[in-house]
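*Asks:* What follows is query29.txt, made up of compact mmCIF, C-alpha atoms and all ligand atoms:
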```txt
# COMPACT_ATOMS: atom_id res chain seq x y z
CA MET A 1272 34.87 24.49 -12.11
CA THR A 1273 34.34 23.21 -15.65
CA THR A 1274 31.37 21.10 -16.71
CA THR A 1275 32.02 17.37 -17.02
CA PRO A 1276 31.83 16.37 -20.71
CA PHE A 1277 28.49 14.82 -21.68
CA VAL A 1278 26.46 13.55 -24.62
CA HIS A 1279 22.72 14.22 -24.91
CA GLU A 1280 20.50 12.95 -27.68
CA GLY A 1281 17.21 14.80 -28.17
CA LEU A 1282 14.48 12.25 -28.86
CA PRO A 1283 11.75 12.88 -31.46
CA VAL A 1284 8.50 12.52 -29.56
CA ARG A 1285 5.46 14.76 -29.83
CA VAL A 1286 3.59 15.34 -26.56
CA VAL A 1287 -0.07 16.37 -26.52
CA PHE A 1288 -1.11 17.18 -22.95
CA GLY A 1289 -4.37 18.31 -21.38
CA ALA A 1290 -7.67 17.34 -19.83
CA GLY A 1291 -9.83 15.84 -22.58
CA SER A 1292 -6.91 15.27 -24.96
CA ARG A 1293 -7.88 11.58 -25.30
CA HIS A 1294 -10.42 12.86 -27.80
CA ARG A 1295 -7.54 13.99 -30.02
CA VAL A 1296 -6.08 10.55 -30.70
CA GLY A 1297 -7.86 10.24 -34.07
CA GLU A 1298 -6.51 13.62 -35.18
CA GLU A 1299 -2.99 12.52 -34.15
CA LEU A 1300 -3.32 9.31 -36.18
CA ASP A 1301 -4.41 11.34 -39.21
CA ARG A 1302 -1.38 13.55 -38.73
CA LEU A 1303 0.84 10.45 -38.89
CA GLY A 1304 -1.08 9.07 -41.88
CA LEU A 1305 -2.17 5.95 -39.97
CA SER A 1306 -5.43 4.31 -41.05
CA GLN A 1307 -5.27 0.67 -39.87
CA VAL A 1308 -4.16 0.68 -36.25
CA VAL A 1309 -4.05 -1.99 -33.58
CA LEU A 1310 -5.37 -0.80 -30.19
CA ILE A 1311 -3.70 -2.35 -27.13
CA ALA A 1312 -5.61 -1.55 -23.92
CA SER A 1313 -5.23 -2.61 -20.27
CA GLY A 1314 -8.19 -4.57 -18.92
CA SER A 1315 -8.95 -1.76 -16.48
CA SER A 1316 -9.16 0.71 -19.37
CA ARG A 1317 -11.97 -1.25 -21.04
CA ALA A 1318 -14.58 1.53 -20.84
CA GLU A 1319 -12.16 4.15 -22.17
CA ALA A 1320 -10.99 1.68 -24.83
CA ASP A 1321 -14.63 1.16 -25.93
CA ALA A 1322 -14.97 4.93 -26.30
CA LEU A 1323 -11.70 5.09 -28.24
CA VAL A 1324 -12.86 2.28 -30.55
CA THR A 1325 -15.92 4.36 -31.41
CA ALA A 1326 -13.86 7.50 -31.88
CA LEU A 1327 -11.22 5.82 -34.05
CA ASP A 1328 -13.93 4.30 -36.21
CA HIS A 1329 -12.50 3.27 -39.62
CA ARG A 1330 -8.90 3.83 -38.45
CA LEU A 1331 -9.07 0.79 -36.15
CA THR A 1332 -8.41 -2.68 -37.49
CA TRP A 1333 -8.04 -4.79 -34.38
CA ARG A 1334 -8.04 -4.62 -30.57
CA VAL A 1335 -5.90 -6.43 -27.97
CA ASP A 1336 -7.13 -6.55 -24.36
CA GLY A 1337 -4.88 -9.16 -22.73
CA VAL A 1338 -1.97 -7.16 -21.30
CA ARG A 1339 0.52 -8.45 -18.71
CA GLN A 1340 3.39 -6.80 -16.88
CA HIS A 1341 7.02 -7.41 -17.92
CA VAL A 1342 5.84 -8.25 -21.52
CA PRO A 1343 5.97 -12.07 -21.74
CA ALA A 1344 7.78 -13.03 -24.99
CA GLU A 1345 5.05 -15.46 -26.10
CA LEU A 1346 2.39 -12.73 -25.76
CA ALA A 1347 4.52 -10.28 -27.79
CA ALA A 1348 5.06 -12.90 -30.52
CA ARG A 1349 1.34 -13.72 -30.69
CA VAL A 1350 0.36 -10.07 -30.97
CA ALA A 1351 2.97 -9.48 -33.71
CA GLU A 1352 1.58 -12.44 -35.72
CA ASP A 1353 -1.97 -11.14 -35.39
CA ALA A 1354 -0.92 -7.61 -36.38
CA ALA A 1355 0.70 -8.98 -39.54
CA ARG A 1356 -2.46 -10.99 -40.31
CA VAL A 1357 -4.66 -7.87 -40.21
CA ALA A 1358 -2.08 -5.75 -42.11
CA ALA A 1359 -1.98 -3.05 -39.42
CA ASP A 1360 0.01 0.12 -40.09
CA GLY A 1361 0.31 1.50 -36.53
CA VAL A 1362 -0.16 0.82 -32.83
CA VAL A 1363 -2.13 2.75 -30.20
CA THR A 1364 -1.73 1.86 -26.52
CA LEU A 1365 -4.13 2.88 -23.77
CA GLY A 1366 -3.10 1.96 -20.24
CA GLY A 1367 -0.14 1.81 -17.90
CA GLY A 1368 3.43 0.72 -18.54
CA SER A 1369 2.31 -2.83 -19.31
CA ALA A 1370 0.14 -1.72 -22.25
CA THR A 1371 2.86 0.66 -23.45
CA GLY A 1372 5.42 -2.16 -23.09
CA LEU A 1373 3.43 -4.53 -25.30
CA GLY A 1374 3.00 -1.74 -27.85
CA LYS A 1375 6.76 -1.15 -27.79
CA ALA A 1376 7.42 -4.86 -28.37
CA LEU A 1377 5.11 -4.73 -31.40
CA ALA A 1378 6.74 -1.55 -32.71
CA ARG A 1379 10.18 -3.14 -32.33
CA GLU A 1380 9.14 -6.33 -34.10
CA THR A 1381 7.30 -4.66 -36.99
CA GLY A 1382 8.73 -1.13 -37.25
CA MET A 1383 5.18 0.26 -36.96
CA PRO A 1384 4.77 3.74 -35.42
CA LEU A 1385 3.38 3.85 -31.88
CA VAL A 1386 0.99 6.36 -30.31
CA ALA A 1387 0.75 6.02 -26.51
CA VAL A 1388 -2.07 7.17 -24.22
CA PRO A 1389 -0.69 6.53 -20.72
CA THR A 1390 -2.97 6.12 -17.71
CA THR A 1391 -0.37 5.69 -14.91
CA TYR A 1392 2.82 7.50 -13.93
CA ALA A 1393 5.14 4.71 -15.23
CA GLY A 1394 6.73 7.05 -17.80
CA SER A 1395 7.64 4.27 -20.24
CA GLU A 1396 5.99 6.25 -23.04
CA MET A 1397 8.82 8.82 -22.97
CA THR A 1398 11.70 6.33 -23.23
CA PRO A 1399 13.16 4.28 -26.09
CA ILE A 1400 13.70 1.43 -23.61
CA TRP A 1401 11.94 -1.89 -24.30
CA GLY A 1402 11.72 -4.98 -22.12
CA ILE A 1403 10.67 -8.58 -22.81
CA THR A 1404 10.56 -11.52 -20.40
CA SER A 1405 11.21 -15.13 -21.24
CA GLU A 1406 11.89 -18.06 -18.90
CA GLY A 1407 12.39 -15.89 -15.83
CA ARG A 1408 14.76 -13.44 -17.50
CA LYS A 1409 13.81 -9.89 -18.42
CA THR A 1410 15.87 -8.57 -21.32
CA THR A 1411 15.87 -4.82 -21.89
CA GLY A 1412 17.39 -2.68 -24.59
CA ARG A 1413 17.33 0.72 -26.24
CA ASP A 1414 15.86 1.18 -29.69
CA VAL A 1415 14.46 4.43 -31.03
CA ARG A 1416 11.85 2.45 -33.04
CA VAL A 1417 9.95 1.76 -29.79
CA LEU A 1418 9.75 5.42 -28.81
CA PRO A 1419 6.17 6.61 -29.43
CA LYS A 1420 5.81 9.09 -32.27
CA THR A 1421 3.13 10.83 -30.19
CA VAL A 1422 2.17 10.64 -26.53
CA VAL A 1423 -1.31 11.85 -25.61
CA TYR A 1424 -1.53 12.66 -21.90
CA ASP A 1425 -5.01 13.15 -20.49
CA PRO A 1426 -5.02 13.59 -16.70
CA ASP A 1427 -8.76 12.76 -16.64
CA LEU A 1428 -7.79 9.15 -17.42
CA THR A 1429 -5.91 8.88 -14.11
CA TYR A 1430 -8.88 9.58 -11.80
CA THR A 1431 -9.83 5.89 -11.74
CA LEU A 1432 -6.37 4.70 -10.65
CA PRO A 1433 -6.54 2.66 -7.44
CA PRO A 1434 -4.58 4.49 -4.69
CA SER A 1435 -1.99 1.70 -4.59
CA THR A 1436 -1.29 2.11 -8.33
CA THR A 1437 -1.15 5.89 -8.06
CA ALA A 1438 1.41 5.48 -5.27
CA ALA A 1439 3.49 2.69 -6.80
CA SER A 1440 3.66 4.00 -10.36
CA GLY A 1441 4.39 7.47 -8.95
CA MET A 1442 7.33 6.07 -6.99
CA ASN A 1443 8.47 4.26 -10.14
CA ALA A 1444 8.66 7.69 -11.78
CA VAL A 1445 10.58 9.07 -8.78
CA ALA A 1446 13.06 6.21 -9.32
CA HIS A 1447 13.47 7.24 -12.98
CA SER A 1448 14.26 10.76 -11.84
CA LEU A 1449 16.77 9.90 -9.14
CA GLU A 1450 18.62 7.26 -11.14
CA ALA A 1451 18.86 9.78 -14.01
CA LEU A 1452 20.89 11.99 -11.67
CA TRP A 1453 23.74 9.51 -11.21
CA SER A 1454 23.59 7.08 -14.17
CA ALA A 1455 26.31 7.08 -16.84
CA GLY A 1456 24.55 9.52 -19.18
CA ALA A 1457 23.48 12.06 -16.52
CA SER A 1458 23.95 15.60 -17.80
CA PRO A 1459 23.06 19.23 -17.01
CA LEU A 1460 20.28 18.85 -19.60
CA SER A 1461 18.57 15.90 -17.92
CA ALA A 1462 19.20 16.86 -14.26
CA PRO A 1463 16.72 19.78 -14.04
CA LEU A 1464 13.95 17.59 -15.48
CA ALA A 1465 14.86 14.80 -13.07
CA LEU A 1466 14.90 17.02 -9.99
CA GLU A 1467 11.66 18.77 -10.90
CA GLY A 1468 9.95 15.46 -11.67
CA ALA A 1469 10.99 13.99 -8.31
CA ARG A 1470 10.07 17.13 -6.40
CA VAL A 1471 6.56 17.40 -7.82
CA LEU A 1472 5.80 13.69 -7.45
CA CYS A 1473 7.02 13.49 -3.84
CA GLU A 1474 4.88 16.51 -3.04
CA ALA A 1475 1.78 15.50 -5.04
CA LEU A 1476 1.42 11.77 -4.30
CA PRO A 1477 0.20 11.97 -0.68
CA GLY A 1478 -2.42 14.56 -1.73
CA LEU A 1479 -3.66 12.31 -4.56
CA LEU A 1480 -4.25 9.47 -2.13
CA ALA A 1481 -6.32 11.81 0.04
CA ASP A 1482 -8.22 13.27 -2.96
CA PRO A 1483 -7.88 11.13 -6.13
CA THR A 1484 -9.95 13.53 -8.27
CA ASN A 1485 -7.88 16.62 -7.50
CA ALA A 1486 -7.50 17.96 -11.05
CA ARG A 1487 -4.47 20.13 -10.33
CA GLY A 1488 -2.65 17.33 -8.50
CA ARG A 1489 -3.39 14.81 -11.28
CA SER A 1490 -2.07 17.23 -13.94
CA ARG A 1491 1.07 18.07 -11.99
CA ALA A 1492 1.86 14.42 -11.29
CA LEU A 1493 1.39 13.43 -14.93
CA VAL A 1494 3.67 16.22 -16.16
CA ALA A 1495 6.24 15.15 -13.55
CA ALA A 1496 6.02 11.52 -14.69
CA CYS A 1497 6.66 12.72 -18.25
CA GLN A 1498 9.69 14.72 -17.06
CA ALA A 1499 11.01 11.71 -15.15
CA GLY A 1500 10.65 9.52 -18.24
CA MET A 1501 12.44 12.11 -20.38
CA ALA A 1502 15.27 12.35 -17.85
CA LEU A 1503 15.70 8.57 -17.80
CA ALA A 1504 15.57 8.42 -21.60
CA SER A 1505 18.39 10.95 -21.74
CA ALA A 1506 20.60 9.69 -18.90
CA GLY A 1507 19.92 5.96 -19.24
CA PRO A 1508 19.27 3.40 -16.52
CA GLY A 1509 21.84 2.28 -13.93
CA LEU A 1510 22.18 0.09 -10.85
CA HIS A 1511 18.63 0.61 -9.57
CA HIS A 1512 16.98 -0.39 -12.84
CA ARG A 1513 19.34 -3.33 -13.30
CA LEU A 1514 18.33 -4.69 -9.90
CA CYS A 1515 14.60 -4.10 -10.52
CA HIS A 1516 14.67 -5.82 -13.92
CA LEU A 1517 16.51 -8.82 -12.51
CA LEU A 1518 14.09 -9.11 -9.60
CA GLY A 1519 11.02 -8.62 -11.79
CA GLY A 1520 12.05 -11.19 -14.40
CA ARG A 1521 13.42 -13.80 -12.00
CA TYR A 1522 10.75 -13.74 -9.28
CA ASP A 1523 7.84 -12.19 -11.21
CA MET A 1524 7.67 -9.32 -8.72
CA PRO A 1525 5.34 -6.35 -9.29
CA HIS A 1526 7.39 -3.78 -11.19
CA ALA A 1527 6.36 -0.46 -9.66
CA GLN A 1528 6.15 -1.73 -6.05
CA THR A 1529 9.61 -3.29 -6.41
CA HIS A 1530 11.00 0.06 -7.56
CA ALA A 1531 9.39 1.78 -4.57
CA ALA A 1532 10.71 -0.66 -1.97
CA LEU A 1533 14.24 -0.84 -3.39
CA LEU A 1534 14.79 2.84 -4.20
CA PRO A 1535 15.54 4.11 -0.64
CA HIS A 1536 18.31 1.49 -0.36
CA VAL A 1537 19.99 2.23 -3.69
CA VAL A 1538 19.82 5.94 -2.88
CA ALA A 1539 21.33 5.25 0.58
CA PHE A 1540 24.13 3.26 -1.10
CA ASN A 1541 25.07 6.11 -3.48
CA GLU A 1542 24.28 9.10 -1.24
CA PRO A 1543 27.66 9.20 0.55
CA VAL A 1544 29.61 9.70 -2.69
CA LEU A 1545 27.32 12.12 -4.53
CA GLY A 1546 28.57 15.31 -2.84
CA PRO A 1547 26.28 18.34 -3.36
CA LEU A 1548 23.92 16.25 -5.47
CA SER A 1549 22.84 14.40 -2.30
CA ALA A 1550 21.60 17.68 -0.86
CA ARG A 1551 19.73 18.53 -4.07
CA MET A 1552 18.09 15.10 -4.04
CA ALA A 1553 17.07 15.61 -0.40
CA VAL A 1554 15.47 18.95 -1.28
CA ALA A 1555 13.58 17.31 -4.17
CA VAL A 1556 12.31 14.55 -1.89
CA GLY A 1557 11.48 17.12 0.81
CA ALA A 1558 13.52 15.52 3.59
CA GLY A 1559 16.84 15.86 5.40
CA ARG A 1560 18.17 12.85 3.49
CA ALA A 1561 16.68 11.54 0.25
CA SER A 1562 17.00 7.86 1.24
CA THR A 1563 15.18 8.17 4.56
CA GLY A 1564 12.66 10.61 3.07
CA LEU A 1565 11.80 8.09 0.33
CA TYR A 1566 11.36 5.28 2.81
CA ASP A 1567 9.09 7.43 4.98
CA LEU A 1568 7.12 8.47 1.90
CA CYS A 1569 6.55 4.80 0.96
CA VAL A 1570 5.23 4.16 4.47
CA ARG A 1571 2.97 7.20 4.23
CA LEU A 1572 1.66 6.02 0.85
CA GLY A 1573 0.93 2.57 2.26
CA LEU A 1574 3.42 0.84 -0.04
CA PRO A 1575 5.28 -2.32 0.97
CA THR A 1576 8.81 -1.48 2.10
CA ALA A 1577 10.22 -5.04 2.12
CA LEU A 1578 11.07 -6.96 -1.05
CA SER A 1579 10.19 -10.13 0.91
CA GLU A 1580 6.54 -8.95 0.88
CA LEU A 1581 6.68 -8.68 -2.91
CA GLY A 1582 7.79 -12.24 -3.66
CA MET A 1583 11.59 -12.10 -3.39
CA PRO A 1584 12.88 -15.25 -1.66
CA ALA A 1585 15.64 -14.91 0.96
CA ALA A 1586 18.00 -16.78 -1.41
CA GLY A 1587 17.50 -13.99 -3.92
CA VAL A 1588 19.87 -11.75 -1.95
CA GLU A 1589 22.83 -13.97 -2.84
CA GLU A 1590 21.62 -14.83 -6.37
CA VAL A 1591 21.00 -11.24 -7.45
CA ALA A 1592 24.12 -9.84 -5.73
CA ALA A 1593 26.32 -12.42 -7.46
CA GLU A 1594 24.78 -11.83 -10.88
CA VAL A 1595 25.07 -8.03 -10.74
CA ALA A 1596 28.58 -8.09 -9.23
CA ALA A 1597 29.75 -10.35 -12.08
CA ASP A 1598 28.83 -7.65 -14.63
CA PRO A 1599 28.30 -4.40 -12.70
CA PRO A 1600 26.70 -1.33 -14.29
CA ALA A 1601 28.43 2.06 -14.19
CA ASN A 1602 27.64 3.60 -10.79
CA PRO A 1603 29.10 6.46 -8.73
CA ARG A 1604 30.13 3.95 -6.07
CA ASP A 1605 31.86 0.63 -6.84
CA VAL A 1606 29.33 -2.16 -7.09
CA GLU A 1607 30.89 -5.09 -5.23
CA ALA A 1608 29.20 -8.30 -4.14
CA ASP A 1609 29.51 -7.54 -0.40
CA CYS A 1610 27.91 -4.08 -0.69
CA LEU A 1611 25.18 -5.47 -2.91
CA ARG A 1612 24.43 -8.23 -0.44
CA ALA A 1613 24.08 -5.65 2.36
CA LEU A 1614 21.88 -3.41 0.19
CA LEU A 1615 19.63 -6.28 -0.91
CA ARG A 1616 19.42 -7.79 2.57
CA ALA A 1617 18.20 -4.45 3.96
CA ALA A 1618 15.69 -4.04 1.12
CA TRP A 1619 14.52 -7.65 1.46
CA ALA A 1620 13.84 -7.12 5.17
CA GLY A 1621 12.42 -3.62 4.70
CA ASP A 1622 14.91 -2.01 7.10
CA HIS A 1623 14.81 1.75 7.49
CA PRO A 1624 17.85 3.14 5.59
CA ALA A 1625 18.72 5.37 8.55
P1 LIG A 1701 0.51 -1.56 -15.22
O1 LIG A 1701 0.49 -1.01 -16.57
O2 LIG A 1701 0.76 -3.04 -15.08
O3 LIG A 1701 -0.83 -1.16 -14.49
C1 LIG A 1701 -1.06 -1.55 -13.15
C2 LIG A 1701 -2.55 -1.86 -12.95
O4 LIG A 1701 -3.28 -0.66 -13.01
C3 LIG A 1701 -3.13 -2.78 -14.02
O5 LIG A 1701 -4.03 -3.66 -13.41
C4 LIG A 1701 -3.83 -1.80 -14.94
O6 LIG A 1701 -4.87 -2.43 -15.64
C5 LIG A 1701 -4.32 -0.77 -13.95
N1 LIG A 1701 -4.55 0.57 -14.49
C6 LIG A 1701 -3.75 1.26 -15.32
N2 LIG A 1701 -4.26 2.48 -15.55
C7 LIG A 1701 -5.41 2.57 -14.85
C8 LIG A 1701 -6.37 3.60 -14.65
N3 LIG A 1701 -6.24 4.81 -15.19
N4 LIG A 1701 -7.44 3.33 -13.86
C9 LIG A 1701 -7.57 2.12 -13.25
N5 LIG A 1701 -6.68 1.12 -13.38
C10 LIG A 1701 -5.60 1.35 -14.16
O7 LIG A 1701 1.58 -0.86 -14.26
P2 LIG A 1701 2.61 0.33 -14.52
O8 LIG A 1701 3.25 0.57 -13.22
O9 LIG A 1701 1.97 1.47 -15.21
O10 LIG A 1701 3.66 -0.28 -15.54
C11 LIG A 1701 4.51 -1.35 -15.19
C12 LIG A 1701 5.14 -1.91 -16.45
O11 LIG A 1701 5.74 -0.86 -17.19
C13 LIG A 1701 6.23 -2.93 -16.17
O12 LIG A 1701 6.09 -4.03 -17.05
C14 LIG A 1701 7.51 -2.17 -16.47
O13 LIG A 1701 8.55 -2.99 -16.90
C15 LIG A 1701 7.08 -1.19 -17.52
N6 LIG A 1701 7.88 0.07 -17.51
C16 LIG A 1701 8.73 0.28 -18.56
C17 LIG A 1701 9.47 1.45 -18.61
C18 LIG A 1701 10.38 1.71 -19.79
O14 LIG A 1701 10.96 2.78 -19.92
N7 LIG A 1701 10.52 0.76 -20.69
C19 LIG A 1701 9.36 2.41 -17.59
C20 LIG A 1701 8.47 2.15 -16.53
C21 LIG A 1701 7.71 0.97 -16.51
```
Could you write out this structure as structure tokens?
*Replies:*
Amino acid sequence: MTTTPFVHEGLPVRVVFGAGSRHRVGEELDRLGLSQVVLIASGSSRAEADALVTALDHRLTWRVDGVRQHVPAELAARVAEDAARVAADGVVTLGGGSATGLGKALARETGMPLVAVPTTYAGSEMTPIWGITSEGRKTTGRDVRVLPKTVVYDPDLTYTLPPSTTAASGMNAVAHSLEALWSAGASPLSAPLALEGARVLCEALPGLLADPTNARGRSRALVAACQAGMALASAGPGLHHRLCHLLGGRYDMPHAQTHAALLPHVVAFNEPVLGPLSARMAVAVGAGRASTGLYDLCVRLGLPTALSELGMPAAGVEEVAAEVAADPPANPRDVEADCLRALLRAAWAGDHPA
């Protein structure tokens, strides 16, 4: 059998990984020649941000603490205006995907280089994908200017994650991995990263809930989240991400939890047509079928399994199905309104995909 033709674009991002590596941010800024950076930090990262402010010393010109998920357009515009006012030459983010997302919006607006210090498993730091939300609509796009020049991963920063955020952002990363296996740009270069990322996360997440300070588990999960982000960056998003972005923008639903609740249903929808890949996904998830294994894992991790619990109204089934069916993404199985309605109805109710 010959290999299906594919295109892969290697992305220029430097990764610095290791316990304590947060202390190397200053050195990384010097390497990039940045001396007037804006620091964007999640509220929950305040103590670490204070320490970073001290460490960055003269390299820091201004600090932003107000971060919100889905990057509201008015917040991004305000931050860009302030960055221009202080003549910043770079951006450092410290926090989860929301902090990284605001940093990406600033990098896209100004062209400034971005250095990301992630503290969840969201994986946004490894992708050139940006997202901005305005009037209930989340717009996403791909632009290499938003890809961090350097990502500094320090597993020590993840010890303080609440169990629910460990679980939800970890499942968000699993979604990156699995979608990267079937989306339009999937290739033999991205698939091994995707499968390994999913395998390690599905194995590590329950252990991290039982013992949040397990150093080995935290390191493994963070590497896996990085792999999942790389796989998604290479293969590109598909049906699952389209649905999550629509839901998040329209109903202001929590991003990572929405991914977790929807994923088993999108996997169940595609599973029958994926051939041997279905079996490989099941092995990665550690179950007889990936879709049912993912649902059971969400239950085990204490995550909501019904989109109705996360703010999706019943009418959303019809609204979202109609919008996606009108302009369907590439997907291994035809995306028709009837199938989408069934998929969304099951996810809204939290039905077991079996
Ligand atoms: P988040 O960044 O909103 O963080 C969730 C919560 O956890 C916040 O309250 C945050 O302050 C807190 N938190 C973060 N790190 C912590 C830590 N170490 N200790 C204690 N608390 C901590 O959530 P997320 O799931 O990381 O990111 C979601 C956002 O990322 C969404 O807006 C989503 O669109 C975006 N995202 C983008 C991509 C992409 O490729 N563009 C990929 C994944 C996610």
*Asks:* Which is closer to ligand LIG 1701 (chain A) than all the others in A:Leu1365, A:Val1324, A:Ala1592, A:Leu1534, using all atoms listed in the file?
*Replies:*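 Selected residue with least distance to ligand LIG 1701 (chain A): A:Leu1365.
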*Asks:* Counting all atoms listed in the file, which residues in chain A sit no more than 7 Å from ligand LIG 1701 (chain A)? For each one, give the nearest pair of atoms and the distance in Å, sorted by chain then residue number, as CSV.
*Replies:*
```
residue,atom,partner,partner_atom,distance
A:Ser1313,CA,A:LIG1701,O6,4.6
A:Gly1314,CA,A:LIG1701,O6,5.1
A:Ser1315,CA,A:LIG1701,O6,4.2
A:Ser1316,CA,A:LIG1701,C7,6.2
A:Arg1339,CA,A:LIG1701,O2,6.5
A:Gln1340,CA,A:LIG1701,O12,3.9
A:His1341,CA,A:LIG1701,O12,3.6
A:Val1342,CA,A:LIG1701,O12,6.2
A:Gly1366,CA,A:LIG1701,N2,4.9
A:Gly1367,CA,A:LIG1701,O1,3.2
A:Gly1368,CA,A:LIG1701,O11,3.1
A:Ser1369,CA,A:LIG1701,O1,3.8
A:Ala1370,CA,A:LIG1701,O1,5.7
A:Gly1372,CA,A:LIG1701,C15,5.9
A:Thr1390,CA,A:LIG1701,N3,4.3
A:Thr1391,CA,A:LIG1701,O9,4.8
A:Tyr1392,CA,A:LIG1701,O9,6.2
A:Ala1393,CA,A:LIG1701,C20,4.4
A:Gly1394,CA,A:LIG1701,C19,5.3
A:Ser1395,CA,A:LIG1701,O14,3.7
A:Glu1396,CA,A:LIG1701,O14,6.8
A:Thr1398,CA,A:LIG1701,O14,4.9
A:Pro1399,CA,A:LIG1701,O14,6.7
A:Ile1400,CA,A:LIG1701,N7,4.4
A:Trp1401,CA,A:LIG1701,N7,4.7
A:Gly1402,CA,A:LIG1701,N7,6.0
A:Leu1428,CA,A:LIG1701,N3,5.1
A:Thr1429,CA,A:LIG1701,N3,4.2
A:Tyr1430,CA,A:LIG1701,N3,6.4
A:Thr1431,CA,A:LIG1701,N4,4.1
A:Leu1432,CA,A:LIG1701,N4,3.7
A:Pro1433,CA,A:LIG1701,C9,5.9
A:Thr1436,CA,A:LIG1701,O4,5.8
A:Ala1439,CA,A:LIG1701,O8,6.8
A:Ser1440,CA,A:LIG1701,O8,4.5
A:Asn1443,CA,A:LIG1701,C20,6.7
A:Gly1500,CA,A:LIG1701,O14,7.0
A:His1526,CA,A:LIG1701,C13,5.2
A:Ala1527,CA,A:LIG1701,O8,4.8
```
*Asks:* Quick one: pull the distance between atom CA of A:Leu1518 and atom CA of A:Val1588, Å, one decimal.
*Replies:*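 These two atoms are separated by 9.9 Å.
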*Asks:* Any idea what the distance is between atom CA of A:Val1445 and atom CA of A:Arg1470?
*Replies:*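 Separating atom CA of A:Val1445 from atom CA of A:Arg1470 is a distance of 8.4 Å.
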*Asks:* Give me the residues near A:Ala1561 as a list in words, where near means some atom within 9 Å (using all atoms listed in the file) and where sequence neighbours in that chain fewer than 3 positions away do not count.
*Replies:*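 Residues meeting the cut-off are Pro1535, Val1538, Ala1539, Glu1542, Ser1549, Ala1550, Arg1551, Met1552, Ala1553, Val1554, Ala1555, Val1556, Gly1557, Ala1558, Gly1564, Leu1565 and Tyr1566 of chain A.
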